[in-house]
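Before any comments, here is the structure.
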Amino acid sequence: MAQHDPDSCSTTRSGGFFAGVRAGYASIFQIVLLGTFVSIGALAHDLGFSAPWVVLSTVLVWAGPAQVILVSSLGGGGAPLAVAVAVGLSGIRLLPMVMSLLPILRSGRRQTAALLLAAHFTAVSMWLESLRLAPTRPREERLAFANGIGTSFLTTSVIATMSGHVLAANLPKGVVAALLFLTPMSFLTSLTRNSRHLADRIAFVAGLLLGPLLAFYQIGLDLLWTGLIGGTAAYLVHLWWERRR
């Protein structure tokens, strides 16, 4: 029976991790994260939160929309329990991303801590880049590689959050709003580039149509319903198309 060399495995993981860090810093999402988290830091400053508090929220929440909900709701006097529920519901949208990414990253070894870290790192930016780049790596490197991408993104976000908090006094409100808009626009363009299959395109178009429609009619949990209806429709059409072929 073949024996695994622990030193070799450790070297493979460290090599994959630093390759992920390099890939993360070469990603266009670095610019998006800079803009997004500078604006979040500025928003937190304007609502009276300290720099350590907002930096800690960046590390623990690690999702721009959920962090905006957290900061703006607490800053507006919202009840902590209600805010926690709202942030939790916002985070549900990331669960399908985690479920689709982890099978690509897992190898035969037990790496519970590293998998939990990858699950925490899974936001739109990290998910898109890992989904695109991790399959090109050897399977034993993929988890460390994805965590390297996540580490680079989170490091940039922490620095941007602190910078935004410091610069808040000099940033016009319109600039803060425009920087926050970078995240959904980057997600939109990335999905356009990565939609290669029929189901992807149907889900993409359904999201563009249903999201604004449900928001206009003020349907509760509009983002959740958009994903559920659009994703289910795309899956059913995909099954019908495959059976016809």
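Every chain in the structure tokens takes a letter, A first, then B, and so on in the order presented; its residues are numbered from 1, and the ligands are numbered from 1 following the presented order.
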### Query
Skipping near chain neighbours, those fewer than 3 positions away, what residues fall within 12 Å of Gly20 of chain A using only C-alpha atoms, listed as a count of residues only?
30
How close does each residue of segment 82-127 of chain A get to segment 37-58 of chain A, giving the shortest atom pair and distance in Å to one decimal for every residue with an atom at most 12 Å away, counting only C-alpha atoms, sorted by chain and residue number, as a tab-separated table?
```
residue	atom	partner	partner_atom	distance
A:Val87	CA	A:Ser57	CA	11.6
A:His120	CA	A:Thr58	CA	11.8
A:Phe121	CA	A:Thr58	CA	11.4
```
### Message
Between atom CA of Arg106 of chain A and atom CA of Arg139 of chain A, what distance in Å does the model show, to one decimal?
### Response
7.5 Å
